[in-house]
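So the structure is just underneath, and the comments pick up after that.
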Amino acid sequence: MKFFIDTANLQEIQEAQNLGVLDGVTTNPSLMAKEGISGKDNIIAHYKAICAIVDGDVSAEVISTDYEGMIAEGEILAALDEKIVVKVPMIKDGIRAIRYFSDKGIKTNCTLVFSAGQALLAAKAGATYVSPFVGRLDDISFDGTKLIEQIRTIYDNYGFETEILAASIRHPVHILQCAEIGADVMTGPLSAILALLKHPLTDSGLEKFMKDMAGKWN
Ligand code: G3P
């Protein structure tokens, strides 16, 4: 399972990269705005800075919603770095744009996916990644992980190579549930990844080991 971090914060991305388990980064317009990034030049500079930190794929979302606009922005973003994945919303023009990028060998991430039908369309269009939003479905009393299961079944039935990127991950249990189902990737905050470290028996066991061997190295 690949671990992506869902943020545009350079310090958090660096911290996750330093941990040695980071496979990529996802961003979205809200996350970019949270970092105070606006204007074409600043947006481009920020994506370049992210690519300089991480080894893996970096999703950069288009902010147009018409076909021509998405193509124009996506081509600029894709030319920045080979790590860039053009993130496109699940709308009619978005599906056309994903087909265009796919035919040109440009990686894509179809975002704002909330149903298996949408995921099927994204795969048919040749998306590299599909992003079902687990947490946001949970927020409205739908089980987000059920959608991951449904998409896994459909993709496996037909051998679709589109990777299931479980997005809107909020906590470590989401990560484990998606791993059990077989999501290819998860993206969430650094806090959800770090929470996987925690177990009270690890803490108490380590405390006893340290106490028992205190000062016995030399
Ligand atoms: O980047 C897309 C997705 O991961 C957003 O998550 O927490 O805003 O629902 P969230």
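Going through the structure tokens in order, the chains are called A, B, and so on, while each chain numbers its residues from 1 and the ligands are numbered from 1 in the order shown.
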
message = Around ligand 1, out to 7 Å and counting only C-alpha atoms and all ligand atoms, which residues are there? I want them as a list in words.
response = Asp6, Thr26, Thr27, Asn28, Phe133, Gly135, Arg136, Ala167, Ser168, Ile169, Arg170, Thr187 and Gly188 of chain A

Could you turn the residues from that selection into a file that holds all heavy atoms, as a JSON list (two decimals), in the first residue's frame?
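To be explicit, this is the file written out as again.json:
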[["chain", "number", "residue", "atom", "x", "y", "z"],
["A", 6, "ASP", "N", -1.67, 14.17, 2.36],
["A", 6, "ASP", "CA", -2.67, 15.06, 1.77],
["A", 6, "ASP", "C", -2.49, 16.45, 2.35],
["A", 6, "ASP", "O", -3.19, 16.84, 3.28],
["A", 6, "ASP", "CB", -4.06, 14.50, 2.10],
["A", 6, "ASP", "CG", -5.16, 15.05, 1.19],
["A", 6, "ASP", "OD1", -4.84, 15.42, 0.06],
["A", 6, "ASP", "OD2", -6.33, 15.07, 1.62],
["A", 26, "THR", "N", -0.66, 14.41, -2.25],
["A", 26, "THR", "CA", -1.85, 14.93, -2.95],
["A", 26, "THR", "C", -2.13, 16.32, -2.40],
["A", 26, "THR", "O", -1.96, 16.58, -1.21],
["A", 26, "THR", "CB", -3.08, 14.02, -2.74],
["A", 26, "THR", "OG1", -3.27, 13.80, -1.34],
["A", 26, "THR", "CG2", -2.93, 12.70, -3.47],
["A", 27, "THR", "N", -2.55, 17.19, -3.31],
["A", 27, "THR", "CA", -2.97, 18.53, -2.89],
["A", 27, "THR", "C", -4.33, 18.78, -3.50],
["A", 27, "THR", "O", -4.80, 18.00, -4.34],
["A", 27, "THR", "CB", -1.99, 19.61, -3.41],
["A", 27, "THR", "OG1", -2.00, 19.59, -4.84],
["A", 27, "THR", "CG2", -0.58, 19.37, -2.92],
["A", 28, "ASN", "N", -4.98, 19.82, -3.05],
["A", 28, "ASN", "CA", -6.22, 20.26, -3.71],
["A", 28, "ASN", "C", -6.30, 21.78, -3.55],
["A", 28, "ASN", "O", -5.50, 22.36, -2.79],
["A", 28, "ASN", "CB", -7.45, 19.51, -3.16],
["A", 28, "ASN", "CG", -7.70, 19.76, -1.69],
["A", 28, "ASN", "OD1", -7.55, 20.88, -1.20],
["A", 28, "ASN", "ND2", -8.09, 18.73, -0.95],
["A", 133, "PHE", "N", -13.61, 9.58, -1.80],
["A", 133, "PHE", "CA", -13.42, 10.33, -0.55],
["A", 133, "PHE", "C", -14.08, 9.58, 0.62],
["A", 133, "PHE", "O", -15.28, 9.75, 0.88],
["A", 133, "PHE", "CB", -14.04, 11.72, -0.68],
["A", 133, "PHE", "CG", -13.20, 12.73, -1.41],
["A", 133, "PHE", "CD1", -12.28, 12.35, -2.37],
["A", 133, "PHE", "CD2", -13.34, 14.10, -1.15],
["A", 133, "PHE", "CE1", -11.51, 13.29, -3.06],
["A", 133, "PHE", "CE2", -12.58, 15.05, -1.82],
["A", 133, "PHE", "CZ", -11.66, 14.65, -2.78],
["A", 135, "GLY", "N", -13.66, 9.75, 4.07],
["A", 135, "GLY", "CA", -14.10, 10.54, 5.23],
["A", 135, "GLY", "C", -15.35, 11.37, 4.96],
["A", 135, "GLY", "O", -16.24, 11.47, 5.79],
["A", 136, "ARG", "N", -15.40, 11.96, 3.77],
["A", 136, "ARG", "CA", -16.56, 12.82, 3.47],
["A", 136, "ARG", "C", -17.84, 12.01, 3.31],
["A", 136, "ARG", "O", -18.93, 12.52, 3.56],
["A", 136, "ARG", "CB", -16.29, 13.67, 2.22],
["A", 136, "ARG", "CG", -15.26, 14.75, 2.48],
["A", 136, "ARG", "CD", -15.22, 15.79, 1.41],
["A", 136, "ARG", "NE", -13.99, 16.55, 1.50],
["A", 136, "ARG", "CZ", -13.67, 17.57, 0.72],
["A", 136, "ARG", "NH1", -14.50, 17.94, -0.24],
["A", 136, "ARG", "NH2", -12.52, 18.21, 0.88],
["A", 167, "ALA", "N", -8.99, 8.49, -0.52],
["A", 167, "ALA", "CA", -8.74, 9.89, -0.11],
["A", 167, "ALA", "C", -9.66, 10.27, 1.03],
["A", 167, "ALA", "O", -10.54, 9.50, 1.43],
["A", 167, "ALA", "CB", -8.94, 10.81, -1.30],
["A", 168, "SER", "N", -9.43, 11.48, 1.54],
["A", 168, "SER", "CA", -10.22, 11.96, 2.68],
["A", 168, "SER", "C", -10.12, 10.97, 3.85],
["A", 168, "SER", "O", -11.09, 10.70, 4.55],
["A", 168, "SER", "CB", -11.69, 12.16, 2.24],
["A", 168, "SER", "OG", -12.45, 12.77, 3.23],
["A", 169, "ILE", "N", -8.91, 10.45, 4.03],
["A", 169, "ILE", "CA", -8.61, 9.57, 5.16],
["A", 169, "ILE", "C", -8.43, 10.46, 6.38],
["A", 169, "ILE", "O", -7.73, 11.47, 6.32],
["A", 169, "ILE", "CB", -7.33, 8.75, 4.86],
["A", 169, "ILE", "CG1", -7.60, 7.73, 3.74],
["A", 169, "ILE", "CG2", -6.76, 8.11, 6.12],
["A", 169, "ILE", "CD1", -8.53, 6.61, 4.09],
["A", 170, "ARG", "N", -9.07, 10.09, 7.49],
["A", 170, "ARG", "CA", -9.05, 10.98, 8.66],
["A", 170, "ARG", "C", -8.27, 10.41, 9.84],
["A", 170, "ARG", "O", -7.85, 11.15, 10.71],
["A", 170, "ARG", "CB", -10.49, 11.26, 9.10],
["A", 170, "ARG", "CG", -11.38, 11.86, 8.01],
["A", 170, "ARG", "CD", -11.20, 13.36, 7.93],
["A", 170, "ARG", "NE", -11.89, 13.93, 6.77],
["A", 170, "ARG", "CZ", -13.21, 14.13, 6.71],
["A", 170, "ARG", "NH1", -13.98, 13.81, 7.72],
["A", 170, "ARG", "NH2", -13.74, 14.66, 5.62],
["A", 187, "THR", "N", -4.38, 8.44, 1.05],
["A", 187, "THR", "CA", -3.84, 9.78, 1.30],
["A", 187, "THR", "C", -4.57, 10.40, 2.48],
["A", 187, "THR", "O", -5.80, 10.33, 2.58],
["A", 187, "THR", "CB", -3.90, 10.69, 0.06],
["A", 187, "THR", "OG1", -3.10, 11.86, 0.33],
["A", 187, "THR", "CG2", -5.31, 11.12, -0.31],
["A", 188, "GLY", "N", -3.80, 10.95, 3.39],
["A", 188, "GLY", "CA", -4.38, 11.56, 4.58],
["A", 188, "GLY", "C", -3.37, 12.48, 5.24],
["A", 188, "GLY", "O", -2.26, 12.67, 4.73]]

ask   = Contacts of Cys51 of chain A at 8 Å or less, counting only C-alpha atoms, minus same-chain residues fewer than 3 places along, as a list of chain:residue names?
value = A:Tyr47, A:Lys48, A:Val54, A:Asp55, A:Val58, A:Asp81, A:Lys83, A:Ile84

For the residues in that selection, give me all heavy atoms as a tab-separated table (two decimals), in the first residue's frame.
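What ended up in out03.tsv:
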chain	number	residue	atom	x	y	z
A	47	TYR	N	4.43	23.92	-6.39
A	47	TYR	CA	4.48	22.53	-6.88
A	47	TYR	C	5.93	22.09	-7.12
A	47	TYR	O	6.30	20.96	-6.82
A	47	TYR	CB	3.64	22.34	-8.14
A	47	TYR	CG	2.16	22.29	-7.86
A	47	TYR	CD1	1.26	23.06	-8.59
A	47	TYR	CD2	1.65	21.46	-6.85
A	47	TYR	CE1	-0.10	23.00	-8.32
A	47	TYR	CE2	0.30	21.42	-6.58
A	47	TYR	CZ	-0.58	22.20	-7.32
A	47	TYR	OH	-1.91	22.15	-7.04
A	48	LYS	N	6.75	23.00	-7.62
A	48	LYS	CA	8.17	22.66	-7.83
A	48	LYS	C	8.85	22.37	-6.49
A	48	LYS	O	9.66	21.45	-6.38
A	48	LYS	CB	8.89	23.81	-8.55
A	48	LYS	CG	8.61	23.86	-10.04
A	48	LYS	CD	9.45	24.98	-10.68
A	48	LYS	CE	9.29	25.00	-12.19
A	48	LYS	NZ	9.96	26.15	-12.79
A	54	VAL	N	9.87	15.32	-2.39
A	54	VAL	CA	9.42	13.91	-2.41
A	54	VAL	C	9.97	13.14	-3.61
A	54	VAL	O	10.34	13.71	-4.61
A	54	VAL	CB	7.87	13.81	-2.43
A	54	VAL	CG1	7.27	14.40	-1.18
A	54	VAL	CG2	7.28	14.44	-3.67
A	55	ASP	N	9.99	11.80	-3.42
A	55	ASP	CA	10.46	10.93	-4.50
A	55	ASP	C	9.31	10.50	-5.42
A	55	ASP	O	9.54	10.15	-6.57
A	55	ASP	CB	11.10	9.67	-3.91
A	55	ASP	CG	12.39	10.00	-3.17
A	55	ASP	OD1	13.08	10.94	-3.59
A	55	ASP	OD2	12.68	9.32	-2.17
A	58	VAL	N	3.12	13.49	-7.30
A	58	VAL	CA	2.57	14.70	-6.67
A	58	VAL	C	1.32	15.13	-7.46
A	58	VAL	O	1.44	15.54	-8.61
A	58	VAL	CB	3.61	15.84	-6.66
A	58	VAL	CG1	2.99	17.13	-6.13
A	58	VAL	CG2	4.85	15.45	-5.85
A	81	ASP	N	7.32	18.78	-13.87
A	81	ASP	CA	8.14	17.71	-13.30
A	81	ASP	C	7.49	16.37	-13.66
A	81	ASP	O	6.26	16.28	-13.72
A	81	ASP	CB	8.18	17.86	-11.76
A	81	ASP	CG	9.28	17.03	-11.12
A	81	ASP	OD1	9.20	15.78	-11.20
A	81	ASP	OD2	10.21	17.62	-10.55
A	83	LYS	N	7.09	13.98	-11.84
A	83	LYS	CA	6.33	13.47	-10.69
A	83	LYS	C	4.89	13.97	-10.68
A	83	LYS	O	4.04	13.45	-9.97
A	83	LYS	CB	7.00	13.93	-9.38
A	83	LYS	CG	8.37	13.35	-9.15
A	83	LYS	CD	9.05	14.03	-7.97
A	83	LYS	CE	10.52	13.66	-7.91
A	83	LYS	NZ	11.27	14.51	-6.97
A	84	ILE	N	4.62	15.03	-11.45
A	84	ILE	CA	3.28	15.64	-11.39
A	84	ILE	C	2.23	14.73	-12.01
A	84	ILE	O	2.39	14.17	-13.09
A	84	ILE	CB	3.27	17.01	-12.13
A	84	ILE	CG1	4.10	18.04	-11.37
A	84	ILE	CG2	1.83	17.50	-12.33
A	84	ILE	CD1	3.49	18.61	-10.10

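Proximity to Thr111 of chain A was assessed for A:His171, A:Lys146, A:Asp156, A:Pro29 counting only C-alpha atoms; the smallest distance is recorded for A:Pro29.
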
Output as a tab-separated table one row per residue of segment 52-134 of chain A within 12 Å of segment 173-186 of chain A: the closest atom pair and its distance in Å to one decimal place, counting only C-alpha atoms, sorted by chain and residue number ascending.
residue	atom	partner	partner_atom	distance
A:Asp57	CA	A:Val185	CA	11.3
A:Asn109	CA	A:Val185	CA	11.8
A:Thr128	CA	A:Asp184	CA	11.3
A:Tyr129	CA	A:Val185	CA	8.9
A:Val130	CA	A:Val185	CA	9.8
A:Ser131	CA	A:Met186	CA	9.1
A:Pro132	CA	A:Met186	CA	10.1
A:Phe133	CA	A:Met186	CA	10.3
A:Val134	CA	A:His174	CA	8.0

inquiry  = Please list as a list of chain:residue names every residue within 9 Å of Gly56 of chain A, counting only C-alpha atoms and excluding residues in the same chain fewer than 6 positions away.
reply    = A:Phe4, A:Leu22, A:Asp23, A:Gly24, A:Val25, A:Lys83, A:Ile84

For the selection you just gave me, I'd like the residues written to a file as a PDB file, in the first residue's frame, keeping C-alpha atoms.
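Heads up, here's the output in out-v6.pdb:
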ATOM      1  CA  PHE A   4       0.566   9.673   0.216  1.00  0.00           C
ATOM      2  CA  LEU A  22       6.261   8.462   1.964  1.00  0.00           C
ATOM      3  CA  ASP A  23       5.292   7.471  -1.581  1.00  0.00           C
ATOM      4  CA  GLY A  24       3.737  10.723  -2.769  1.00  0.00           C
ATOM      5  CA  VAL A  25       1.690  13.852  -2.109  1.00  0.00           C
ATOM      6  CA  LYS A  83       6.334  13.470 -10.689  1.00  0.00           C
ATOM      7  CA  ILE A  84       3.284  15.639 -11.394  1.00  0.00           C
TER       8      ILE A  84
END

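With atom CA of Ile98 of chain A on one side and atom CA of Cys110 of chain A on the other, the separation reads 7.7 Å.
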
task = For Lys107 of chain A, list every protein, DNA or RNA residue within 7 Å, evaluated using only C-alpha atoms, and leave out those in the same chain fewer than 6 positions away; present the list as number ranges by chain.
result = A: 85-86, 101, 128

ask   = Which residues in segment 12-204 of chain A does DSSP call strand (DSSP E or B)? List them as JSON, numbers by chain.
value = {"A": [24, 25, 26, 57, 58, 59, 60, 61, 84, 85, 86, 87, 88, 89, 108, 109, 110, 111, 112, 113, 129, 130, 131, 132, 133, 163, 164, 165, 166, 167, 185, 186, 187, 188]}

ask   = Counting only C-alpha atoms, what is within 12 Å of Gln150 of chain A, bar same-chain residues fewer than 2 positions away, as a ChimeraX atom specification?
value = /A:114-120,132,143-148,152-157,164,178,181-183

inquiry  = Give me the residues near Pro89 of chain A as a PyMOL selection string, where near means some atom within 9 Å (using only C-alpha atoms) and where sequence neighbours in that chain fewer than 4 positions away do not count.
reply    = chain A and resi 61-62+65+93-95+109-113

Write the residues of the preceding selection, restricted to all heavy atoms, as a JSON list (two decimals), in the first residue's frame.
[["chain", "number", "residue", "atom", "x", "y", "z"],
["A", 61, "GLU", "N", -3.92, 19.83, -8.75],
["A", 61, "GLU", "CA", -5.30, 19.90, -9.27],
["A", 61, "GLU", "C", -5.52, 21.10, -10.19],
["A", 61, "GLU", "O", -5.09, 22.22, -9.87],
["A", 61, "GLU", "CB", -6.28, 19.93, -8.09],
["A", 61, "GLU", "CG", -7.74, 19.79, -8.52],
["A", 61, "GLU", "CD", -8.64, 19.34, -7.38],
["A", 61, "GLU", "OE1", -8.15, 18.81, -6.36],
["A", 61, "GLU", "OE2", -9.86, 19.55, -7.51],
["A", 62, "VAL", "N", -6.22, 20.86, -11.30],
["A", 62, "VAL", "CA", -6.60, 21.96, -12.18],
["A", 62, "VAL", "C", -7.70, 22.77, -11.47],
["A", 62, "VAL", "O", -8.43, 22.24, -10.64],
["A", 62, "VAL", "CB", -7.12, 21.45, -13.55],
["A", 62, "VAL", "CG1", -6.02, 20.73, -14.31],
["A", 62, "VAL", "CG2", -8.35, 20.56, -13.39],
["A", 65, "THR", "N", -12.97, 24.28, -14.89],
["A", 65, "THR", "CA", -13.95, 23.21, -14.95],
["A", 65, "THR", "C", -14.44, 22.96, -16.37],
["A", 65, "THR", "O", -15.32, 22.15, -16.60],
["A", 65, "THR", "CB", -15.16, 23.50, -14.03],
["A", 65, "THR", "OG1", -15.66, 24.80, -14.34],
["A", 65, "THR", "CG2", -14.79, 23.43, -12.57],
["A", 93, "ASP", "N", -16.65, 17.11, -18.51],
["A", 93, "ASP", "CA", -15.45, 17.60, -19.19],
["A", 93, "ASP", "C", -14.18, 17.02, -18.57],
["A", 93, "ASP", "O", -13.15, 16.88, -19.25],
["A", 93, "ASP", "CB", -15.39, 19.14, -19.14],
["A", 93, "ASP", "CG", -16.21, 19.77, -20.26],
["A", 93, "ASP", "OD1", -17.01, 19.04, -20.90],
["A", 93, "ASP", "OD2", -16.07, 20.98, -20.49],
["A", 94, "GLY", "N", -14.27, 16.70, -17.29],
["A", 94, "GLY", "CA", -13.13, 16.09, -16.60],
["A", 94, "GLY", "C", -12.81, 14.72, -17.18],
["A", 94, "GLY", "O", -11.64, 14.36, -17.38],
["A", 95, "ILE", "N", -13.84, 13.94, -17.45],
["A", 95, "ILE", "CA", -13.64, 12.61, -18.05],
["A", 95, "ILE", "C", -12.99, 12.74, -19.43],
["A", 95, "ILE", "O", -12.05, 12.02, -19.77],
["A", 95, "ILE", "CB", -14.99, 11.85, -18.13],
["A", 95, "ILE", "CG1", -15.42, 11.41, -16.72],
["A", 95, "ILE", "CG2", -14.91, 10.64, -19.06],
["A", 95, "ILE", "CD1", -14.46, 10.44, -16.04],
["A", 109, "ASN", "N", -5.26, 11.94, -11.85],
["A", 109, "ASN", "CA", -5.93, 11.51, -10.62],
["A", 109, "ASN", "C", -7.35, 12.08, -10.71],
["A", 109, "ASN", "O", -7.53, 13.31, -10.71],
["A", 109, "ASN", "CB", -5.18, 12.07, -9.41],
["A", 109, "ASN", "CG", -5.86, 11.78, -8.09],
["A", 109, "ASN", "OD1", -6.96, 11.22, -8.04],
["A", 109, "ASN", "ND2", -5.21, 12.18, -7.00],
["A", 110, "CYS", "N", -8.34, 11.20, -10.82],
["A", 110, "CYS", "CA", -9.73, 11.67, -10.90],
["A", 110, "CYS", "C", -10.27, 11.86, -9.49],
["A", 110, "CYS", "O", -10.36, 10.90, -8.71],
["A", 110, "CYS", "CB", -10.58, 10.66, -11.67],
["A", 110, "CYS", "SG", -12.26, 11.22, -11.90],
["A", 111, "THR", "N", -10.60, 13.10, -9.15],
["A", 111, "THR", "CA", -10.95, 13.44, -7.77],
["A", 111, "THR", "C", -12.44, 13.72, -7.60],
["A", 111, "THR", "O", -13.18, 13.79, -8.58],
["A", 111, "THR", "CB", -10.11, 14.65, -7.30],
["A", 111, "THR", "OG1", -10.29, 14.81, -5.88],
["A", 111, "THR", "CG2", -10.50, 15.95, -8.01],
["A", 112, "LEU", "N", -12.85, 13.82, -6.33],
["A", 112, "LEU", "CA", -14.26, 14.05, -5.97],
["A", 112, "LEU", "C", -15.13, 12.89, -6.43],
["A", 112, "LEU", "O", -16.21, 13.10, -7.01],
["A", 112, "LEU", "CB", -14.74, 15.39, -6.53],
["A", 112, "LEU", "CG", -14.12, 16.63, -5.85],
["A", 112, "LEU", "CD1", -14.38, 17.89, -6.65],
["A", 112, "LEU", "CD2", -14.66, 16.81, -4.43],
["A", 113, "VAL", "N", -14.67, 11.68, -6.15],
["A", 113, "VAL", "CA", -15.41, 10.46, -6.53],
["A", 113, "VAL", "C", -16.16, 9.95, -5.30],
["A", 113, "VAL", "O", -15.57, 9.73, -4.23],
["A", 113, "VAL", "CB", -14.43, 9.41, -7.09],
["A", 113, "VAL", "CG1", -15.08, 8.03, -7.18],
["A", 113, "VAL", "CG2", -13.94, 9.85, -8.47]]

Run DSSP on the backbone of this structure and report the residues of segment 8-210 of chain A it assigns to alpha helix (DSSP H), as an mmCIF file with C-alpha atoms, in the first residue's frame.
data_model
loop_
_atom_site.group_PDB
_atom_site.id
_atom_site.type_symbol
_atom_site.label_atom_id
_atom_site.label_comp_id
_atom_site.auth_asym_id
_atom_site.auth_seq_id
_atom_site.Cartn_x
_atom_site.Cartn_y
_atom_site.Cartn_z
ATOM 1 C CA LEU A 10 6.138 21.956 2.969
ATOM 2 C CA GLN A 11 7.216 21.286 6.576
ATOM 3 C CA GLU A 12 4.748 18.406 6.939
ATOM 4 C CA ILE A 13 5.769 16.981 3.581
ATOM 5 C CA GLN A 14 9.436 17.153 4.618
ATOM 6 C CA GLU A 15 8.650 15.497 7.974
ATOM 7 C CA ALA A 16 6.783 12.659 6.232
ATOM 8 C CA GLN A 17 9.596 12.277 3.702
ATOM 9 C CA ASN A 18 12.159 12.106 6.521
ATOM 10 C CA LEU A 19 10.178 9.249 8.092
ATOM 11 C CA PRO A 29 -7.248 23.901 -4.140
ATOM 12 C CA SER A 30 -8.399 24.155 -0.510
ATOM 13 C CA LEU A 31 -5.069 22.816 0.779
ATOM 14 C CA MET A 32 -3.145 25.248 -1.459
ATOM 15 C CA ALA A 33 -5.298 28.161 -0.256
ATOM 16 C CA LYS A 34 -4.672 27.081 3.366
ATOM 17 C CA LYS A 40 -0.036 31.160 -11.378
ATOM 18 C CA ASP A 41 3.652 31.870 -10.608
ATOM 19 C CA ASN A 42 3.294 31.090 -6.889
ATOM 20 C CA ILE A 43 1.266 27.947 -7.597
ATOM 21 C CA ILE A 44 3.916 26.701 -10.026
ATOM 22 C CA ALA A 45 6.753 27.540 -7.610
ATOM 23 C CA HIS A 46 4.966 25.696 -4.805
ATOM 24 C CA TYR A 47 4.479 22.526 -6.875
ATOM 25 C CA LYS A 48 8.168 22.663 -7.825
ATOM 26 C CA ALA A 49 9.097 22.961 -4.140
ATOM 27 C CA ILE A 50 6.944 19.921 -3.284
ATOM 28 C CA CYS A 51 8.499 17.895 -6.117
ATOM 29 C CA ALA A 52 11.972 18.771 -4.826
ATOM 30 C CA ILE A 53 11.138 17.180 -1.450
ATOM 31 C CA TYR A 67 -12.379 21.017 -21.075
ATOM 32 C CA GLU A 68 -10.112 23.590 -22.753
ATOM 33 C CA GLY A 69 -9.172 25.190 -19.441
ATOM 34 C CA MET A 70 -8.349 21.857 -17.813
ATOM 35 C CA ILE A 71 -6.199 20.816 -20.788
ATOM 36 C CA ALA A 72 -4.297 24.126 -20.797
ATOM 37 C CA GLU A 73 -3.635 24.061 -17.032
ATOM 38 C CA GLY A 74 -2.889 20.334 -16.959
ATOM 39 C CA GLU A 75 -0.284 20.602 -19.689
ATOM 40 C CA ILE A 76 1.505 23.401 -17.834
ATOM 41 C CA LEU A 77 1.425 21.415 -14.578
ATOM 42 C CA ALA A 78 2.568 18.153 -16.198
ATOM 43 C CA ALA A 79 5.531 19.925 -17.816
ATOM 44 C CA LEU A 80 6.828 21.084 -14.405
ATOM 45 C CA LYS A 92 -18.214 15.355 -17.863
ATOM 46 C CA ASP A 93 -15.449 17.602 -19.191
ATOM 47 C CA GLY A 94 -13.129 16.090 -16.603
ATOM 48 C CA ILE A 95 -13.639 12.607 -18.048
ATOM 49 C CA ARG A 96 -12.858 13.968 -21.531
ATOM 50 C CA ALA A 97 -9.741 15.653 -20.139
ATOM 51 C CA ILE A 98 -8.600 12.439 -18.433
ATOM 52 C CA ARG A 99 -8.941 10.588 -21.756
ATOM 53 C CA TYR A 100 -6.905 13.332 -23.458
ATOM 54 C CA PHE A 101 -4.114 13.219 -20.852
ATOM 55 C CA SER A 102 -4.142 9.420 -20.753
ATOM 56 C CA ASP A 103 -3.690 9.240 -24.547
ATOM 57 C CA ALA A 116 -18.758 3.201 -7.939
ATOM 58 C CA GLY A 117 -20.282 4.402 -11.212
ATOM 59 C CA GLN A 118 -18.025 7.446 -11.169
ATOM 60 C CA ALA A 119 -15.016 5.204 -10.441
ATOM 61 C CA LEU A 120 -15.928 2.948 -13.361
ATOM 62 C CA LEU A 121 -16.061 5.950 -15.703
ATOM 63 C CA ALA A 122 -12.687 7.218 -14.453
ATOM 64 C CA ALA A 123 -11.102 3.823 -15.145
ATOM 65 C CA LYS A 124 -12.716 3.659 -18.596
ATOM 66 C CA VAL A 134 -13.832 7.978 2.424
ATOM 67 C CA GLY A 135 -14.103 10.540 5.232
ATOM 68 C CA ARG A 136 -16.560 12.824 3.468
ATOM 69 C CA LEU A 137 -18.898 9.867 2.862
ATOM 70 C CA ASP A 138 -18.642 8.911 6.546
ATOM 71 C CA ASP A 139 -19.510 12.541 7.357
ATOM 72 C CA GLY A 144 -16.867 5.292 2.872
ATOM 73 C CA THR A 145 -14.928 2.034 3.095
ATOM 74 C CA LYS A 146 -17.859 0.156 1.489
ATOM 75 C CA LEU A 147 -17.270 2.254 -1.605
ATOM 76 C CA ILE A 148 -13.596 1.227 -1.620
ATOM 77 C CA GLU A 149 -14.719 -2.439 -1.485
ATOM 78 C CA GLN A 150 -17.159 -1.953 -4.357
ATOM 79 C CA ILE A 151 -14.560 -0.250 -6.556
ATOM 80 C CA ARG A 152 -11.956 -2.947 -5.728
ATOM 81 C CA THR A 153 -14.399 -5.649 -6.880
ATOM 82 C CA ILE A 154 -15.279 -3.839 -10.104
ATOM 83 C CA TYR A 155 -11.671 -3.051 -11.026
ATOM 84 C CA ASP A 156 -10.576 -6.631 -10.278
ATOM 85 C CA ASN A 157 -13.462 -8.069 -12.334
ATOM 86 C CA TYR A 158 -12.131 -6.370 -15.452
ATOM 87 C CA PRO A 172 -5.477 5.251 11.423
ATOM 88 C CA VAL A 173 -8.497 2.908 11.413
ATOM 89 C CA HIS A 174 -9.432 4.246 7.966
ATOM 90 C CA ILE A 175 -5.915 3.351 6.788
ATOM 91 C CA LEU A 176 -6.189 -0.198 8.160
ATOM 92 C CA GLN A 177 -9.683 -0.744 6.735
ATOM 93 C CA CYS A 178 -8.531 0.421 3.306
ATOM 94 C CA ALA A 179 -5.427 -1.779 3.547
ATOM 95 C CA GLU A 180 -7.585 -4.829 4.366
ATOM 96 C CA ILE A 181 -9.797 -4.134 1.371
ATOM 97 C CA LEU A 190 0.529 13.225 8.688
ATOM 98 C CA SER A 191 -1.323 12.792 12.011
ATOM 99 C CA ALA A 192 -3.145 9.689 10.671
ATOM 100 C CA ILE A 193 0.152 8.127 9.556
ATOM 101 C CA LEU A 194 1.893 8.923 12.854
ATOM 102 C CA ALA A 195 -1.077 7.512 14.803
ATOM 103 C CA PRO A 200 0.323 1.635 24.991
ATOM 104 C CA LEU A 201 2.105 -1.741 25.306
ATOM 105 C CA THR A 202 4.923 -0.417 23.097
ATOM 106 C CA ASP A 203 5.315 2.595 25.393
ATOM 107 C CA SER A 204 5.192 0.627 28.674
ATOM 108 C CA GLY A 205 7.396 -2.158 27.262
ATOM 109 C CA LEU A 206 10.021 0.317 26.097
ATOM 110 C CA GLU A 207 9.944 2.135 29.419
ATOM 111 C CA LYS A 208 10.691 -1.152 31.255
ATOM 112 C CA PHE A 209 13.463 -2.133 28.812
ATOM 113 C CA MET A 210 15.114 1.259 29.296
#

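Distances from A:Val21, A:Met90, A:Ala8, A:Met1 to Ile37 of chain A were compared using only C-alpha atoms, and the smallest one belongs to A:Ala8.
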
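Reported to one decimal place, the separation of atom CA of Ser59 of chain A from atom CA of Thr7 of chain A is 10.3 Å.
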
remark   = What separates atom CA of Ser64 of chain A and atom CA of Lys2 of chain A is a distance of 28.4 Å
